[in-house]
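Below is the file protein.pdb, which contains PDB, C-alpha atoms, pLDDT in the B column.
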ATOM      1  CA  MET I  63      38.747 123.444 153.907  1.00 96.00           C
ATOM      2  CA  LEU I  64      40.597 126.423 155.292  1.00 97.00           C
ATOM      3  CA  ALA I  65      43.123 128.027 152.968  1.00 98.00           C
ATOM      4  CA  TYR I  66      45.150 131.221 152.985  1.00 98.00           C
ATOM      5  CA  HIS I  67      45.874 133.918 150.404  1.00 98.00           C
ATOM      6  CA  GLY I  68      49.034 136.035 150.638  1.00 97.00           C
ATOM      7  CA  CYS I  69      48.598 139.583 149.318  1.00 97.00           C
ATOM      8  CA  ASP I  70      49.013 143.282 150.087  1.00 97.00           C
ATOM      9  CA  GLN I  71      47.163 144.624 153.163  1.00 97.00           C
ATOM     10  CA  ALA I  72      45.030 146.910 150.959  1.00 97.00           C
ATOM     11  CA  VAL I  73      43.969 143.887 148.882  1.00 97.00           C
ATOM     12  CA  ALA I  74      43.221 141.905 152.056  1.00 98.00           C
ATOM     13  CA  ASP I  75      41.064 144.758 153.381  1.00 98.00           C
ATOM     14  CA  GLY I  76      39.184 144.947 150.082  1.00 98.00           C
ATOM     15  CA  LEU I  77      38.561 141.190 150.028  1.00 98.00           C
ATOM     16  CA  LEU I  78      37.317 141.296 153.616  1.00 98.00           C
ATOM     17  CA  ASN I  79      34.920 144.076 152.516  1.00 97.00           C
ATOM     18  CA  GLY I  80      33.466 142.018 149.678  1.00 97.00           C
ATOM     19  CA  GLN I  81      35.668 142.859 146.709  1.00 97.00           C
ATOM     20  CA  PRO I  82      36.236 139.886 144.397  1.00 97.00           C
ATOM     21  CA  PHE I  83      39.527 138.010 144.144  1.00 97.00           C
ATOM     22  CA  ARG I  84      41.661 138.739 141.087  1.00 96.00           C
ATOM     23  CA  THR I  85      42.488 135.697 138.963  1.00 97.00           C
ATOM     24  CA  SER I  86      46.189 135.158 138.329  1.00 96.00           C
ATOM     25  CA  GLN I  87      46.887 134.706 134.619  1.00 96.00           C
ATOM     26  CA  ASN I  88      50.684 134.466 134.636  1.00 95.00           C
ATOM     27  CA  ASP I  89      52.324 132.087 132.159  1.00 95.00           C
ATOM     28  CA  TYR I  90      54.364 130.648 135.040  1.00 95.00           C
ATOM     29  CA  ASP I  91      51.602 129.853 137.567  1.00 95.00           C
ATOM     30  CA  TRP I  92      52.241 126.322 138.875  1.00 92.00           C
ATOM     31  CA  LEU I  93      48.668 125.077 138.734  1.00 97.00           C
ATOM     32  CA  GLY I  94      47.439 127.104 135.768  1.00 97.00           C
ATOM     33  CA  HIS I  95      45.328 130.232 135.839  1.00 97.00           C
ATOM     34  CA  GLY I  96      43.181 130.896 138.897  1.00 98.00           C
ATOM     35  CA  ILE I  97      43.145 132.244 142.449  1.00 98.00           C
ATOM     36  CA  TYR I  98      45.924 130.822 144.629  1.00 98.00           C
ATOM     37  CA  PHE I  99      45.724 129.659 148.243  1.00 98.00           C
ATOM     38  CA  TRP I 100      47.956 127.809 150.704  1.00 97.00           C
ATOM     39  CA  GLU I 101      46.111 124.879 152.286  1.00 97.00           C
ATOM     40  CA  ALA I 102      46.049 124.996 156.111  1.00 96.00           C
ATOM     41  CA  ASN I 103      49.159 127.184 156.220  1.00 96.00           C
ATOM     42  CA  PRO I 104      48.582 130.883 157.013  1.00 97.00           C
ATOM     43  CA  ARG I 105      52.218 131.393 157.947  1.00 96.00           C
ATOM     44  CA  ARG I 106      53.437 130.219 154.520  1.00 95.00           C
ATOM     45  CA  GLY I 107      50.909 132.525 152.839  1.00 96.00           C
ATOM     46  CA  LEU I 108      52.335 135.467 154.776  1.00 97.00           C
ATOM     47  CA  GLU I 109      55.936 134.376 154.072  1.00 95.00           C
ATOM     48  CA  TRP I 110      55.113 134.316 150.344  1.00 94.00           C
ATOM     49  CA  ALA I 111      53.686 137.843 150.542  1.00 96.00           C
ATOM     50  CA  GLN I 112      56.805 139.014 152.410  1.00 96.00           C
ATOM     51  CA  GLU I 113      59.132 137.371 149.863  1.00 94.00           C
ATOM     52  CA  THR I 114      57.173 138.944 147.012  1.00 93.00           C
ATOM     53  CA  ALA I 115      57.232 142.384 148.657  1.00 95.00           C
ATOM     54  CA  ALA I 116      61.048 142.208 148.776  1.00 94.00           C
ATOM     55  CA  ARG I 117      61.205 142.171 144.962  1.00 87.00           C
ATOM     56  CA  THR I 118      61.758 145.581 143.375  1.00 80.00           C
ATOM     57  CA  ALA I 119      58.756 145.599 141.020  1.00 87.00           C
ATOM     58  CA  SER I 120      56.287 144.036 143.469  1.00 90.00           C
ATOM     59  CA  SER I 121      52.757 145.363 143.877  1.00 91.00           C
ATOM     60  CA  ILE I 122      52.859 144.109 147.493  1.00 96.00           C
ATOM     61  CA  LYS I 123      54.051 146.907 149.786  1.00 95.00           C
ATOM     62  CA  ASN I 124      52.505 145.781 153.103  1.00 96.00           C
ATOM     63  CA  PRO I 125      52.454 141.954 153.211  1.00 97.00           C
ATOM     64  CA  ALA I 126      49.324 140.353 154.608  1.00 97.00           C
ATOM     65  CA  VAL I 127      47.392 137.097 154.546  1.00 98.00           C
ATOM     66  CA  ILE I 128      43.668 136.385 154.713  1.00 97.00           C
ATOM     67  CA  GLY I 129      41.860 133.145 155.312  1.00 98.00           C
ATOM     68  CA  ALA I 130      39.165 131.602 153.155  1.00 98.00           C
ATOM     69  CA  VAL I 131      36.752 128.730 153.386  1.00 98.00           C
ATOM     70  CA  ILE I 132      37.112 126.750 150.153  1.00 98.00           C
ATOM     71  CA  ASP I 133      34.829 124.037 148.795  1.00 98.00           C
ATOM     72  CA  LEU I 134      37.039 122.104 146.349  1.00 98.00           C
ATOM     73  CA  ARG I 135      34.025 120.692 144.461  1.00 98.00           C
ATOM     74  CA  PHE I 136      35.292 119.021 141.267  1.00 98.00           C
ATOM     75  CA  CYS I 137      39.031 119.061 141.914  1.00 98.00           C
ATOM     76  CA  LEU I 138      41.989 118.066 139.768  1.00 98.00           C
ATOM     77  CA  ASP I 139      43.935 116.633 142.686  1.00 98.00           C
ATOM     78  CA  LEU I 140      47.595 116.258 141.752  1.00 98.00           C
ATOM     79  CA  THR I 141      48.280 114.510 145.052  1.00 97.00           C
ATOM     80  CA  THR I 142      46.460 111.421 143.681  1.00 98.00           C
ATOM     81  CA  SER I 143      47.401 108.832 141.079  1.00 98.00           C
ATOM     82  CA  SER I 144      44.327 109.708 139.023  1.00 97.00           C
ATOM     83  CA  GLY I 145      45.276 113.393 138.924  1.00 98.00           C
ATOM     84  CA  ILE I 146      48.848 112.593 137.910  1.00 98.00           C
ATOM     85  CA  LEU I 147      47.648 110.313 135.091  1.00 98.00           C
ATOM     86  CA  GLN I 148      45.487 113.142 133.724  1.00 98.00           C
ATOM     87  CA  ILE I 149      48.340 115.619 133.825  1.00 97.00           C
ATOM     88  CA  GLN I 150      50.739 113.142 132.181  1.00 98.00           C
ATOM     89  CA  SER I 151      48.256 112.639 129.355  1.00 97.00           C
ATOM     90  CA  ALA I 152      47.924 116.418 128.932  1.00 98.00           C
ATOM     91  CA  TYR I 153      51.722 116.733 128.842  1.00 98.00           C
ATOM     92  CA  GLU I 154      51.956 114.165 126.020  1.00 98.00           C
ATOM     93  CA  ARG I 155      49.305 116.079 124.104  1.00 97.00           C
ATOM     94  CA  LEU I 156      51.180 119.359 124.615  1.00 97.00           C
ATOM     95  CA  ARG I 157      54.486 117.777 123.592  1.00 97.00           C
ATOM     96  CA  SER I 158      52.921 116.511 120.357  1.00 96.00           C
ATOM     97  CA  LEU I 159      51.511 119.963 119.586  1.00 96.00           C
ATOM     98  CA  TYR I 160      54.882 121.618 120.115  1.00 95.00           C
ATOM     99  CA  GLU I 161      56.658 119.046 117.947  1.00 95.00           C
ATOM    100  CA  ILE I 162      54.404 120.178 115.086  1.00 94.00           C
ATOM    101  CA  LEU I 163      54.866 123.882 115.900  1.00 94.00           C
ATOM    102  CA  ASP I 164      58.629 123.410 116.010  1.00 89.00           C
ATOM    103  CA  LEU I 165      58.540 121.923 112.509  1.00 91.00           C
ATOM    104  CA  ILE I 166      56.309 124.702 111.207  1.00 93.00           C
ATOM    105  CA  ASP I 167      57.938 127.799 112.682  1.00 95.00           C
ATOM    106  CA  GLY I 168      60.473 126.770 115.326  1.00 91.00           C
ATOM    107  CA  THR I 169      58.206 127.475 118.310  1.00 94.00           C
ATOM    108  CA  GLN I 170      59.656 125.757 121.366  1.00 95.00           C
ATOM    109  CA  MET I 171      57.716 124.175 124.203  1.00 96.00           C
ATOM    110  CA  PRO I 172      57.675 126.190 127.453  1.00 97.00           C
ATOM    111  CA  ARG I 173      60.158 125.188 130.140  1.00 96.00           C
ATOM    112  CA  ASN I 174      60.178 125.356 133.904  1.00 96.00           C
ATOM    113  CA  ASP I 175      62.854 127.370 135.682  1.00 93.00           C
ATOM    114  CA  THR I 176      62.453 126.210 139.273  1.00 78.00           C
ATOM    115  CA  ARG I 177      65.375 128.360 140.447  1.00 79.00           C
ATOM    116  CA  ARG I 178      63.330 131.436 139.569  1.00 79.00           C
ATOM    117  CA  LYS I 179      59.997 129.789 140.519  1.00 82.00           C
ATOM    118  CA  ARG I 180      58.812 130.001 136.934  1.00 91.00           C
ATOM    119  CA  HIS I 181      56.668 126.995 136.032  1.00 95.00           C
ATOM    120  CA  ASN I 182      55.789 127.860 132.440  1.00 97.00           C
ATOM    121  CA  LEU I 183      55.652 124.219 131.330  1.00 97.00           C
ATOM    122  CA  ASP I 184      53.474 123.150 134.269  1.00 97.00           C
ATOM    123  CA  CYS I 185      51.127 126.080 133.630  1.00 97.00           C
ATOM    124  CA  ALA I 186      50.837 125.227 129.931  1.00 98.00           C
ATOM    125  CA  VAL I 187      50.117 121.561 130.704  1.00 98.00           C
ATOM    126  CA  VAL I 188      47.411 122.334 133.273  1.00 98.00           C
ATOM    127  CA  ASN I 189      45.799 124.982 131.058  1.00 98.00           C
ATOM    128  CA  LEU I 190      45.834 122.583 128.095  1.00 98.00           C
ATOM    129  CA  LEU I 191      44.056 119.973 130.205  1.00 98.00           C
ATOM    130  CA  HIS I 192      41.354 122.531 131.065  1.00 98.00           C
ATOM    131  CA  ASP I 193      41.024 123.587 127.400  1.00 97.00           C
ATOM    132  CA  ALA I 194      40.846 119.966 126.212  1.00 97.00           C
ATOM    133  CA  ARG I 195      38.075 119.173 128.715  1.00 97.00           C
ATOM    134  CA  GLU I 196      36.123 122.190 127.506  1.00 97.00           C
ATOM    135  CA  GLN I 197      36.527 121.192 123.837  1.00 97.00           C
ATOM    136  CA  GLU I 198      35.402 117.642 124.657  1.00 97.00           C
ATOM    137  CA  ASN I 199      32.357 118.944 126.592  1.00 98.00           C
ATOM    138  CA  LEU I 200      33.598 117.402 129.828  1.00 98.00           C
ATOM    139  CA  PRO I 201      32.910 119.062 133.188  1.00 98.00           C
ATOM    140  CA  ALA I 202      35.357 121.817 134.066  1.00 97.00           C
ATOM    141  CA  PHE I 203      37.527 121.438 137.133  1.00 98.00           C
ATOM    142  CA  ASP I 204      36.568 123.948 139.810  1.00 98.00           C
ATOM    143  CA  THR I 205      39.908 123.702 141.612  1.00 98.00           C
ATOM    144  CA  VAL I 206      43.403 122.258 141.225  1.00 98.00           C
ATOM    145  CA  LYS I 207      45.402 120.968 144.175  1.00 98.00           C
ATOM    146  CA  GLY I 208      49.122 120.194 144.199  1.00 98.00           C
ATOM    147  CA  ALA I 209      51.844 119.459 146.723  1.00 96.00           C
ATOM    148  CA  PHE I 210      55.160 121.223 146.250  1.00 92.00           C
ATOM    149  CA  LEU I 211      58.503 120.403 147.815  1.00 90.00           C
ATOM    150  CA  GLU I 212      60.173 123.741 148.200  1.00 89.00           C
ATOM    151  CA  GLY I 213      62.969 125.223 150.242  1.00 90.00           C
ATOM    152  CA  GLU I 214      65.999 123.550 151.752  1.00 94.00           C
ATOM    153  CA  ALA I 215      66.140 120.253 153.585  1.00 96.00           C
ATOM    154  CA  ALA I 216      64.744 120.669 157.108  1.00 96.00           C
ATOM    155  CA  TYR I 217      67.867 118.926 158.413  1.00 97.00           C
ATOM    156  CA  GLU I 218      70.738 116.866 157.012  1.00 96.00           C
ATOM    157  CA  THR I 219      69.508 114.093 154.627  1.00 95.00           C
ATOM    158  CA  SER I 220      65.900 115.039 155.399  1.00 95.00           C
ATOM    159  CA  ALA I 221      63.108 114.318 152.935  1.00 93.00           C
ATOM    160  CA  PHE I 222      61.226 117.258 154.517  1.00 95.00           C
ATOM    161  CA  ASN I 223      61.745 120.710 153.049  1.00 94.00           C
ATOM    162  CA  THR I 224      61.377 124.020 154.865  1.00 94.00           C
ATOM    163  CA  LYS I 225      58.772 125.487 152.499  1.00 92.00           C
ATOM    164  CA  THR I 226      56.866 122.368 151.449  1.00 93.00           C
ATOM    165  CA  HIS I 227      53.192 123.162 151.017  1.00 95.00           C
ATOM    166  CA  ILE I 228      49.923 122.233 149.395  1.00 97.00           C
ATOM    167  CA  GLN I 229      48.593 124.855 147.071  1.00 97.00           C
ATOM    168  CA  ILE I 230      45.048 125.265 145.822  1.00 98.00           C
ATOM    169  CA  CYS I 231      44.189 127.050 142.594  1.00 98.00           C
ATOM    170  CA  VAL I 232      40.532 128.064 142.488  1.00 98.00           C
ATOM    171  CA  ARG I 233      39.190 128.353 138.951  1.00 98.00           C
ATOM    172  CA  ASN I 234      35.534 128.764 139.935  1.00 98.00           C
ATOM    173  CA  SER I 235      35.203 131.643 142.418  1.00 97.00           C
ATOM    174  CA  ASP I 236      31.902 130.175 143.686  1.00 98.00           C
ATOM    175  CA  CYS I 237      34.134 127.678 145.535  1.00 98.00           C
ATOM    176  CA  ILE I 238      35.250 130.495 147.844  1.00 98.00           C
ATOM    177  CA  ARG I 239      32.544 130.310 150.503  1.00 98.00           C
ATOM    178  CA  GLY I 240      33.834 133.161 152.661  1.00 97.00           C
ATOM    179  CA  VAL I 241      36.910 135.048 153.845  1.00 98.00           C
ATOM    180  CA  PHE I 242      38.184 135.918 157.314  1.00 98.00           C
ATOM    181  CA  ARG I 243      40.915 137.835 159.096  1.00 97.00           C
ATOM    182  CA  VAL I 244      43.724 135.540 160.278  1.00 96.00           C
ATOM    183  CA  PRO I 245      44.385 135.800 164.029  1.00 91.00           C
ATOM    184  CA  ASP I 246      47.958 136.887 164.860  1.00 86.00           C
ATOM    185  CA  GLN I 247      48.589 133.718 166.906  1.00 83.00           C
ATOM    186  CA  ASP I 248      48.087 131.638 163.733  1.00 88.00           C
ATOM    187  CA  LEU I 249      51.059 133.390 162.121  1.00 89.00           C
ATOM    188  CA  THR I 250      53.723 132.495 164.684  1.00 82.00           C
TER
END

Would it be possible to restate this file's structure as C-alpha cells?
Amino acid sequence: MLAYHGCDQAVADGLLNGQPFRTSQNDYDWLGHGIYFWEANPRRGLEWAQETAARTASSIKNPAVIGAVIDLRFCLDLTTSSGILQIQSAYERLRSLYEILDLIDGTQMPRNDTRRKRHNLDCAVVNLLHDAREQENLPAFDTVKGAFLEGEAAYETSAFNTKTHIQICVRNSDCIRGVFRVPDQDLT
C-alpha cells in the first residue's frame, strides 16, 4: 500500500537519502509505539505536519510529507471485528491491572483527552496487547491500522468528518519497502 509520513523537510530529505525512520514512543500515540503513516492521503500527512509546525515547541519548522510503500504483513487491523475484539480484551486486562495498582498505591489508569489529541489510554491498551503477545510467545504484529473520525462534520448532520483518515503504525521497519518524493499535484 501507499502511505504518507508528515515531517520536517530536513527529515524528509534524510529519509529519501536512506536514513532510518525514528520510532515514535509517546505515551499518547493512538496506535501504540511505532512509525506513523496516513494511508492513501498525502494531503492529510502534510496538513498534520503544518498543524504540528504551528505549535510553539515543535521540531517541525518546514512542513513536508514523503510517501512510502508499506507491506502490512501481520497487521492488527482495528477496522475489522477481529481487531476490535483483540483490543477490547486487552482493555479489560489493562483495567484489571489498574484496579490492583489503584488499591496498592493509587495509580490511576491512563485517560484519553481527544480535545488535545492525547490518546494515552488507547496507547496503553495497544502496547499492552503487544506485550501480552510477546509474553505468550505469540507472533508480534508488524503493523497496526486504525480509522479515525476527526475534524468537524463535512456538512450539516453529516456522518463524514473533514479530517477522517486511516492511520498505519509500523512496528517492524522491514515493512517499509521504500520511500518516494510526493508529487506536488498529489497535495492539492

| remark: The residue from I:Leu93, I:Leu249, I:Ile238, I:Leu190 with the smallest atom-to-atom distance to I:Gly80, counting all atoms listed in the file, is I:Ile238

| task | Tell me which of I:Asp248, I:Asp167, I:Asp70, I:Glu196 sits closest to I:Ala115, counting all atoms listed in the file. | result |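 The closest residue to I:Ala115 is I:Asp70.
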
| query | Hey, can you check how far atom CA of I:Ser151 sits from atom CA of I:Ile230? | reply | 21.0 Å

| message | Can you pull out the residues contacting I:Ala72? Cut-off 10 Å, using all atoms listed in the file, and skip same-chain residues under 6 positions away; I want them as a ChimeraX atom specification. | response | /I:78,122-126

Residue selection dump (C-alpha atoms) as a PDB file, in the frame of the given file:
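Contents of the output file result-v2.pdb:
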ATOM      1  CA  LEU I  78      37.317 141.296 153.616  1.00 98.00           C
ATOM      2  CA  ILE I 122      52.859 144.109 147.493  1.00 96.00           C
ATOM      3  CA  LYS I 123      54.051 146.907 149.786  1.00 95.00           C
ATOM      4  CA  ASN I 124      52.505 145.781 153.103  1.00 96.00           C
ATOM      5  CA  PRO I 125      52.454 141.954 153.211  1.00 97.00           C
ATOM      6  CA  ALA I 126      49.324 140.353 154.608  1.00 97.00           C
TER       7      ALA I 126
END

| request: Apply the PyMOL selection byres ((chain I and resi 89) around 7) to the structure shown and report the selected residues as a ChimeraX atom specification. | output: /I:87-88,90-91,182,185

| For I:Thr224, which residue among I:Thr118, I:Glu109, I:Met63, I:Leu140 is the nearest when counting all atoms listed in the file? | I:Glu109

| task | Decode the PyMOL selection byres ((chain I and resi 67) around 9) for the given file into explicit residues and return them as a list of chain:residue names. | result |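 Applied to this file, the PyMOL selection byres ((chain I and resi 67) around 9) returns I:Ala65, I:Tyr66, I:Gly68, I:Cys69, I:Ala74, I:Ile97, I:Tyr98, I:Phe99, I:Trp100, I:Pro104, I:Gly107, I:Leu108, I:Ala111, I:Ala126, I:Val127, I:Ile128, I:Gly129, I:Ala130.
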
Those same residues, written as a compact mmCIF listing (two decimals), in the frame of the given file with C-alpha atoms?
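Once everything was written out, this is result.txt:
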# COMPACT_ATOMS: atom_id res chain seq x y z
CA ALA I 65 43.12 128.03 152.97
CA TYR I 66 45.15 131.22 152.99
CA GLY I 68 49.03 136.04 150.64
CA CYS I 69 48.60 139.58 149.32
CA ALA I 74 43.22 141.90 152.06
CA ILE I 97 43.14 132.24 142.45
CA TYR I 98 45.92 130.82 144.63
CA PHE I 99 45.72 129.66 148.24
CA TRP I 100 47.96 127.81 150.70
CA PRO I 104 48.58 130.88 157.01
CA GLY I 107 50.91 132.52 152.84
CA LEU I 108 52.34 135.47 154.78
CA ALA I 111 53.69 137.84 150.54
CA ALA I 126 49.32 140.35 154.61
CA VAL I 127 47.39 137.10 154.55
CA ILE I 128 43.67 136.38 154.71
CA GLY I 129 41.86 133.15 155.31
CA ALA I 130 39.16 131.60 153.16

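Going from atom CA of I:Ala152 over to atom CA of I:Gln197, you cover 13.4 Å.
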
| field | Separation of atom CA of I:Ser86 from atom CA of I:Ile132, in Å and rounded to one decimal | value |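 Straight-line distance from atom CA of I:Ser86 to atom CA of I:Ile132 works out to 17.1 Å.
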
So what does the PyMOL selection byres ((chain I and resi 168-173) around 10) actually pick up in this one, as a short mmCIF file (atom, residue, chain, number, x, y, z; two decimals) with C-alpha atoms, in the coordinates of the input?
data_model
loop_
_atom_site.label_atom_id
_atom_site.label_comp_id
_atom_site.auth_asym_id
_atom_site.auth_seq_id
_atom_site.Cartn_x
_atom_site.Cartn_y
_atom_site.Cartn_z
CA ASP I 89 52.32 132.09 132.16
CA TYR I 90 54.36 130.65 135.04
CA LEU I 156 51.18 119.36 124.62
CA ARG I 157 54.49 117.78 123.59
CA SER I 158 52.92 116.51 120.36
CA LEU I 159 51.51 119.96 119.59
CA TYR I 160 54.88 121.62 120.12
CA GLU I 161 56.66 119.05 117.95
CA ILE I 162 54.40 120.18 115.09
CA LEU I 163 54.87 123.88 115.90
CA ASP I 164 58.63 123.41 116.01
CA LEU I 165 58.54 121.92 112.51
CA ILE I 166 56.31 124.70 111.21
CA ASP I 167 57.94 127.80 112.68
CA ASN I 174 60.18 125.36 133.90
CA ASP I 175 62.85 127.37 135.68
CA THR I 176 62.45 126.21 139.27
CA ARG I 180 58.81 130.00 136.93
CA HIS I 181 56.67 127.00 136.03
CA ASN I 182 55.79 127.86 132.44
CA LEU I 183 55.65 124.22 131.33
CA ASP I 184 53.47 123.15 134.27
CA CYS I 185 51.13 126.08 133.63
CA ALA I 186 50.84 125.23 129.93
CA VAL I 187 50.12 121.56 130.70
#
